[in-house]
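Structure record follows, encoded as structure tokens.
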Amino acid sequence: MTEFLGELVHYAPAFWRGLRFTLALTGIALAIGVGGGLALAMLRRSRLRLARILATIYIEFFRTTPLIVQLVWIYFVLPIALDIEMSAFQSGALTLGMNQAAYKSEIFRAGIAEVPLGQRRASQALGLGRIDTFRFVVLPQASAVILPLFMAHTMLLVKGTAYVSMLRVPELTHTANLISLDSFRFLEVYLAVGVIYFILIYPIGVLGRWIENKGSHKWRPLQ
Amino acid sequence: MAASTVESDLGNVDAPEAQVAIRSLSKSYGDLIGPSGSGKSTLLRLVARLEPFDAGQLWIEGHLVALGEKSKGDGAELATPNHQKRLRKEVGMVFQEFNLFPHFTALRNVALAPERALGLDRDEAENRALVLLEKVGLAEKAHEHPARLSGGQQQRVAIARALAMQPKVMLFDEVTSALDPELVGEVLEVMRELASDGMTMLVVSHEMQFAADVADTVFFMDEGSIVESGSPDQIFHEPHEDRTKAFLRRLLAR
């Protein structure tokens with residue numbers, strides 16, 4: 001095994017490329033997830049019934065079907081339905097992002113609901129509009145409440161990028177597949193790729209706890 | 001303040017029709033008393049337009065500022081969201097539970113609304129905030145978060161925060177009820193000062209002695225309506241209505 005770990009160095013460029021793809025998928029999906037999640041959370045609080053219903057259907061669809069099924073649909077069906085061309089990478093990132101948005105919106109919604117009604121009333125009574133109230137009063141407090149959950153869910157996203165290997169996007173897991181087929185050293189290759197995932201994901205939890213501690217000596221959510 | 005008849009089917013659960021009339025409160029101090037569940041807080045929230053009302057008109061200093069949602073017709077445009085927002089800027093409200101923003105310092109709590117809702121730049125807004133914190137005796141706590149302040153101090157910051165919008169009318173909803181007894185005095189002191197500055201104030205309160213000292217008019221509410229109003233002297237010593245008498249007797253018996 002040790003001699004093979006030396007051999008693995010030959011595959012370093014491939015691993016490096018896989019890592020970049022994994023990071024890119026994570027970054028894009030997180031951006032779509034946070035933006036879309038916020039939008040969905042707001043739609044679910046909208047005064048328009050139709051907006052609430054559409055947002056609920058979206059969220060429930062993505063929460064009740066496997067990610068793999070979603071990947072296939074968005075990769076094969078969406079381009080035909082909309083008459084556009086999408087690479088496997090684009091489809092993968094979009095699917096992960098849309099899936100993230102559904103879950104993240106529920107996290108945001110829970111956080112928003114935790115902010116006491118009195119906070120919104122006070123803000124309204126001061127003459128702040130809905131958007132300012134959300135931005136300056138509700139969102140900062142909701143963020144503090146949901147931070148641990150948000151970080152845990154983002155850790156899941158990094159691991160979730162592995163599903164995109166199914167579309168042969170050369171991210172870490174697909175790369176590991178290719179290398180192990182090339183070298184027939186499955187255990188060692190998957191050990192290495194496991195270590196890489198750990199190094200990627202572990203700091204997210206540490207970062208979350210750091211932010212939590214940094215704020216908590218000044219104020220805590222929910223007096 | 002308001003010559004108004006306000007109807008609401010929010011009201012309290014057991015008092016679906018809140019019908020109140022407040023007359024000629026300009027530059028004066030009105031105190032609302034009455035049993036809990038009588039609609040006092042609901043009335044304040046209606047005046048602050050935190051809750052819509054069905055019918056009636058709301059006047060502040062001679063201006064019609066809001067109409068009930070079912071009173072369309074002349075001046076119906078006054079019931080638009082824009083107008084409600086403007087009204088909120090003219091009415092300041094202080095709550096029983098303080099409702100300070102826990103993630104901001106005292107200074108930011110006070111400066112936020114002038115900055116965002118009046119368009120002042122940050123320095124201007126923070127200068128105004130400092131002057132007001134000085135006024136309520138908390139300039140040295142400007143950079144503390146609410147969690148580091150006592151209840152009385154938090155409530156004084158909340159008063160400064162409402163004043164920062166330079167409202168024409170200040171509403172106080174049982175602002176000393178959540179305070180430890182030894183902290184009540186400092187809040188009442190600030191309110192007494194405001195009253196002597198000539199601020200129009202409408203106060204829901206269980207501090208009868210304070211109402212007797214400071215109020216120009218006392219309103220007694222029960223079951224969603226104002227039962228009786230008059231000078232503190234008259235209400236506390238020669239109430240006309242049986243319900244007022246019964247309420248005061250219960251209060252004195254405690």
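Chain labels follow the order of the structure tokens: the first chain is A, the next B, and so on; residue numbering restarts at 1 in every chain, and ligands are counted from 1 in their shown order.
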(message) Env of Trp16 of chain A: 10 Å cut, atoms = only C-alpha atoms, seq-sep filter 6 positions within chain, self excluded. Answer as a PyMOL selection string.
(response) chain A and resi 22+171-172+175
Could those residues be written to a file, using N, CA, C and O atoms, as a short mmCIF file (atom, residue, chain, number, x, y, z; two decimals), in the first residue's frame?
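Everything below was put into selection-v5.cif:
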data_model
loop_
_atom_site.label_atom_id
_atom_site.label_comp_id
_atom_site.auth_asym_id
_atom_site.auth_seq_id
_atom_site.Cartn_x
_atom_site.Cartn_y
_atom_site.Cartn_z
N THR A 22 -15.12 20.00 -7.99
CA THR A 22 -15.95 19.87 -6.79
C THR A 22 -16.19 21.23 -6.14
O THR A 22 -17.31 21.57 -5.75
N GLU A 171 -15.49 15.59 -11.36
CA GLU A 171 -15.21 16.07 -10.01
C GLU A 171 -14.50 14.97 -9.24
O GLU A 171 -14.16 13.93 -9.81
N LEU A 172 -14.29 15.16 -7.96
CA LEU A 172 -13.45 14.24 -7.19
C LEU A 172 -13.88 12.78 -7.28
O LEU A 172 -13.04 11.90 -7.51
N THR A 175 -13.39 11.33 -10.70
CA THR A 175 -11.94 11.21 -10.90
C THR A 175 -11.42 9.96 -10.18
O THR A 175 -10.64 9.18 -10.74
#
(message) Please check the contacts: residues of chain B at most 10 Å away from chain A, using only C-alpha atoms, listed as a PyMOL selection string.
(response) chain B and resi 45+48-51+81-82+84-105+110+112-118+144-148+158+161-165+167
Those residues with N, CA and C atoms, as a tab-separated table (two decimals), in the first residue's frame please?
chain	number	residue	atom	x	y	z
B	45	ARG	N	-52.20	49.97	18.89
B	45	ARG	CA	-51.68	49.40	17.65
B	45	ARG	C	-52.44	49.90	16.44
B	48	ALA	N	-51.10	53.33	15.75
B	48	ALA	CA	-49.77	53.24	15.14
B	48	ALA	C	-49.84	52.59	13.77
B	49	ARG	N	-51.03	52.18	13.35
B	49	ARG	CA	-51.25	51.52	12.07
B	49	ARG	C	-50.45	50.23	11.96
B	50	LEU	N	-50.23	49.59	13.07
B	50	LEU	CA	-49.60	48.27	13.03
B	50	LEU	C	-50.64	47.22	12.68
B	51	GLU	N	-51.91	47.61	12.85
B	51	GLU	CA	-52.99	46.72	12.45
B	51	GLU	C	-54.01	47.55	11.69
B	81	PRO	N	-50.86	51.93	1.28
B	81	PRO	CA	-49.71	51.53	2.08
B	81	PRO	C	-48.70	52.67	2.27
B	82	ASN	N	-48.49	53.46	1.22
B	82	ASN	CA	-47.55	54.56	1.30
B	82	ASN	C	-47.91	55.52	2.42
B	84	GLN	N	-49.81	54.90	4.96
B	84	GLN	CA	-49.68	54.27	6.27
B	84	GLN	C	-48.24	54.35	6.76
B	85	LYS	N	-47.31	54.19	5.79
B	85	LYS	CA	-45.90	54.26	6.16
B	85	LYS	C	-45.57	55.67	6.67
B	86	ARG	N	-46.14	56.69	6.00
B	86	ARG	CA	-45.85	58.05	6.44
B	86	ARG	C	-46.40	58.29	7.84
B	87	LEU	N	-47.60	57.76	8.05
B	87	LEU	CA	-48.20	57.94	9.37
B	87	LEU	C	-47.33	57.32	10.45
B	88	ARG	N	-46.80	56.14	10.15
B	88	ARG	CA	-45.98	55.48	11.16
B	88	ARG	C	-44.81	56.35	11.56
B	89	LYS	N	-44.34	57.18	10.61
B	89	LYS	CA	-43.22	58.05	10.94
B	89	LYS	C	-43.64	59.19	11.85
B	90	GLU	N	-44.92	59.49	11.88
B	90	GLU	CA	-45.39	60.59	12.72
B	90	GLU	C	-45.86	60.12	14.08
B	91	VAL	N	-45.93	58.80	14.22
B	91	VAL	CA	-46.37	58.24	15.49
B	91	VAL	C	-45.26	57.34	16.03
B	92	GLY	N	-44.77	57.66	17.22
B	92	GLY	CA	-43.74	56.82	17.82
B	92	GLY	C	-44.37	55.88	18.81
B	93	MET	N	-43.81	54.67	18.89
B	93	MET	CA	-44.43	53.72	19.82
B	93	MET	C	-43.38	53.03	20.68
B	94	VAL	N	-43.70	52.90	21.96
B	94	VAL	CA	-42.82	52.19	22.89
B	94	VAL	C	-43.61	51.02	23.46
B	95	PHE	N	-42.94	49.84	23.49
B	95	PHE	CA	-43.66	48.61	23.80
B	95	PHE	C	-43.34	48.09	25.21
B	96	GLN	N	-44.24	47.26	25.70
B	96	GLN	CA	-44.03	46.65	27.01
B	96	GLN	C	-42.72	45.86	27.06
B	97	GLU	N	-42.45	45.12	25.99
B	97	GLU	CA	-41.28	44.24	25.99
B	97	GLU	C	-40.05	44.91	25.37
B	98	PHE	N	-39.99	46.20	25.36
B	98	PHE	CA	-38.88	47.01	24.82
B	98	PHE	C	-38.70	46.82	23.30
B	99	ASN	N	-38.52	45.52	22.91
B	99	ASN	CA	-38.30	45.21	21.49
B	99	ASN	C	-37.11	45.94	20.89
B	100	LEU	N	-36.07	46.14	21.68
B	100	LEU	CA	-34.84	46.67	21.08
B	100	LEU	C	-34.26	45.61	20.15
B	101	PHE	N	-33.50	46.06	19.15
B	101	PHE	CA	-32.87	45.10	18.24
B	101	PHE	C	-31.61	44.56	18.92
B	102	PRO	N	-31.60	43.27	19.28
B	102	PRO	CA	-30.51	42.76	20.13
B	102	PRO	C	-29.15	42.76	19.44
B	103	HIS	N	-29.14	42.78	18.10
B	103	HIS	CA	-27.87	42.66	17.39
B	103	HIS	C	-27.22	44.02	17.14
B	104	PHE	N	-27.88	45.10	17.55
B	104	PHE	CA	-27.31	46.45	17.37
B	104	PHE	C	-26.96	47.05	18.73
B	105	THR	N	-25.98	47.95	18.74
B	105	THR	CA	-25.70	48.71	19.96
B	105	THR	C	-26.86	49.68	20.21
B	110	VAL	N	-30.98	53.42	17.88
B	110	VAL	CA	-31.64	54.73	17.76
B	110	VAL	C	-31.42	55.33	16.37
B	112	LEU	N	-30.86	53.77	13.46
B	112	LEU	CA	-31.27	53.00	12.27
B	112	LEU	C	-32.44	53.64	11.51
B	113	ALA	N	-33.51	53.98	12.23
B	113	ALA	CA	-34.71	54.47	11.54
B	113	ALA	C	-34.48	55.84	10.87
B	114	PRO	N	-33.84	56.81	11.56
B	114	PRO	CA	-33.58	58.08	10.87
B	114	PRO	C	-32.75	57.87	9.60
B	115	GLU	N	-31.83	56.92	9.67
B	115	GLU	CA	-30.97	56.66	8.51
B	115	GLU	C	-31.77	56.03	7.37
B	116	ARG	N	-32.54	55.00	7.67
B	116	ARG	CA	-33.22	54.25	6.62
B	116	ARG	C	-34.55	54.87	6.20
B	117	ALA	N	-35.29	55.42	7.16
B	117	ALA	CA	-36.64	55.88	6.83
B	117	ALA	C	-36.69	57.39	6.56
B	118	LEU	N	-35.73	58.14	7.09
B	118	LEU	CA	-35.72	59.58	6.82
B	118	LEU	C	-34.60	59.97	5.86
B	144	GLU	N	-23.07	49.95	23.96
B	144	GLU	CA	-23.41	48.65	24.55
B	144	GLU	C	-24.56	48.00	23.77
B	145	HIS	N	-24.55	46.68	23.71
B	145	HIS	CA	-25.70	45.97	23.16
B	145	HIS	C	-26.79	45.86	24.24
B	146	PRO	N	-28.05	45.73	23.81
B	146	PRO	CA	-29.15	45.68	24.78
B	146	PRO	C	-28.95	44.64	25.89
B	147	ALA	N	-28.36	43.49	25.55
B	147	ALA	CA	-28.21	42.44	26.56
B	147	ALA	C	-27.38	42.91	27.75
B	148	ARG	N	-26.56	43.97	27.55
B	148	ARG	CA	-25.72	44.47	28.64
B	148	ARG	C	-26.39	45.59	29.42
B	158	ALA	N	-35.33	52.51	24.14
B	158	ALA	CA	-36.48	52.35	23.24
B	158	ALA	C	-37.24	53.67	23.09
B	161	ARG	N	-35.23	55.76	20.82
B	161	ARG	CA	-35.34	55.25	19.46
B	161	ARG	C	-36.62	55.77	18.80
B	162	ALA	N	-37.72	55.78	19.55
B	162	ALA	CA	-38.98	56.28	18.97
B	162	ALA	C	-38.89	57.79	18.73
B	163	LEU	N	-38.22	58.50	19.65
B	163	LEU	CA	-38.12	59.95	19.50
B	163	LEU	C	-37.26	60.35	18.31
B	164	ALA	N	-36.35	59.46	17.91
B	164	ALA	CA	-35.42	59.79	16.82
B	164	ALA	C	-36.15	60.10	15.52
B	165	MET	N	-37.37	59.60	15.37
B	165	MET	CA	-38.14	59.89	14.16
B	165	MET	C	-38.89	61.21	14.28
B	167	PRO	N	-41.50	62.15	16.14
B	167	PRO	CA	-42.93	61.94	15.94
B	167	PRO	C	-43.75	63.09	16.53
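The two atoms in question, atom CA of Gln70 of chain A and atom CA of Ile146 of chain A, are spaced 26.2 Å apart.
Coordinates place atom CA of Gly111 of chain A at a distance of 25.5 Å from atom CA of Leu107 of chain B.
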Do you know which residues are at most 12 Å from Ala192 of chain A counting only C-alpha atoms, after dropping those on the same chain fewer than 4 positions away, and could you put them as a short mmCIF file (atom, residue, chain, number, x, y, z; two decimals) with N, CA and C atoms, in the first residue's frame?
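Once written, around.cif looks like this:
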data_model
loop_
_atom_site.label_atom_id
_atom_site.label_comp_id
_atom_site.auth_asym_id
_atom_site.auth_seq_id
_atom_site.Cartn_x
_atom_site.Cartn_y
_atom_site.Cartn_z
N MET A 1 0.83 -1.21 0.00
CA MET A 1 0.00 0.00 0.00
C MET A 1 0.86 1.25 0.00
N PHE A 4 2.13 2.25 -3.25
CA PHE A 4 1.12 2.82 -4.13
C PHE A 4 0.81 4.27 -3.79
N LEU A 5 0.87 4.60 -2.47
CA LEU A 5 0.63 6.00 -2.11
C LEU A 5 1.63 6.90 -2.81
N GLY A 6 2.86 6.38 -3.00
CA GLY A 6 3.84 7.12 -3.78
C GLY A 6 3.38 7.26 -5.22
N GLU A 7 2.84 6.14 -5.74
CA GLU A 7 2.36 6.16 -7.13
C GLU A 7 1.22 7.15 -7.35
N LEU A 8 0.44 7.32 -6.26
CA LEU A 8 -0.71 8.22 -6.36
C LEU A 8 -0.31 9.62 -6.79
N VAL A 9 0.93 9.99 -6.44
CA VAL A 9 1.43 11.32 -6.80
C VAL A 9 1.32 11.56 -8.30
N TYR A 11 -1.00 10.75 -10.06
CA TYR A 11 -2.38 11.15 -10.38
C TYR A 11 -2.75 12.52 -9.81
N ALA A 12 -1.75 13.15 -9.18
CA ALA A 12 -2.05 14.44 -8.52
C ALA A 12 -2.75 15.44 -9.44
N PHE A 15 -6.38 14.55 -9.59
CA PHE A 15 -7.06 14.89 -8.34
C PHE A 15 -7.29 16.39 -8.23
N LEU A 172 -14.29 15.16 -7.96
CA LEU A 172 -13.45 14.24 -7.19
C LEU A 172 -13.88 12.78 -7.28
N THR A 173 -15.17 12.52 -7.10
CA THR A 173 -15.60 11.13 -7.06
C THR A 173 -15.47 10.45 -8.42
N THR A 175 -13.39 11.33 -10.70
CA THR A 175 -11.94 11.21 -10.90
C THR A 175 -11.42 9.96 -10.18
N ALA A 176 -11.87 9.76 -8.95
CA ALA A 176 -11.46 8.59 -8.18
C ALA A 176 -11.86 7.31 -8.91
N ASN A 177 -13.06 7.33 -9.47
CA ASN A 177 -13.54 6.21 -10.27
C ASN A 177 -12.58 5.89 -11.40
N ILE A 179 -9.47 6.85 -11.83
CA ILE A 179 -8.13 6.46 -11.40
C ILE A 179 -8.12 5.02 -10.91
N SER A 180 -9.18 4.64 -10.19
CA SER A 180 -9.18 3.27 -9.68
C SER A 180 -9.36 2.26 -10.81
N ARG A 185 -6.53 0.00 -7.90
CA ARG A 185 -6.28 0.12 -6.46
C ARG A 185 -7.43 0.89 -5.81
N PHE A 186 -8.58 0.25 -5.81
CA PHE A 186 -9.79 0.93 -5.34
C PHE A 186 -9.66 1.47 -3.92
N LEU A 187 -9.20 0.58 -2.97
CA LEU A 187 -9.19 0.98 -1.57
C LEU A 187 -8.32 2.22 -1.35
N GLU A 188 -7.12 2.20 -1.94
CA GLU A 188 -6.20 3.31 -1.72
C GLU A 188 -6.73 4.60 -2.34
N ILE A 196 -9.39 13.84 1.08
CA ILE A 196 -9.58 15.16 0.45
C ILE A 196 -10.93 15.75 0.84
N TYR A 197 -12.00 14.93 0.78
CA TYR A 197 -13.32 15.43 1.19
C TYR A 197 -13.28 15.92 2.63
N PHE A 198 -12.61 15.12 3.51
CA PHE A 198 -12.55 15.51 4.92
C PHE A 198 -11.89 16.88 5.07
N ILE A 199 -10.78 17.07 4.34
CA ILE A 199 -10.06 18.34 4.45
C ILE A 199 -10.92 19.50 3.94
#
(request) Tell me, as a ChimeraX atom specification, which residues lie within 9 Å of Phe108 of chain A, counting only C-alpha atoms; anything in the same chain fewer than 3 positions away does not count. (result) /A:37-38,41,103-105,111-113,139,142-143,146,150
(request) Counting only C-alpha atoms, figure out which residue out of B:Lys245, B:His240, B:Lys135, B:Lys40 gets nearest to Ser205 of chain B. (result) B:Lys40
(request) Tell me, in Å to one decimal, how far atom CA of Lys168 of chain B is from atom CA of Ala142 of chain B. (result) 24.8 Å
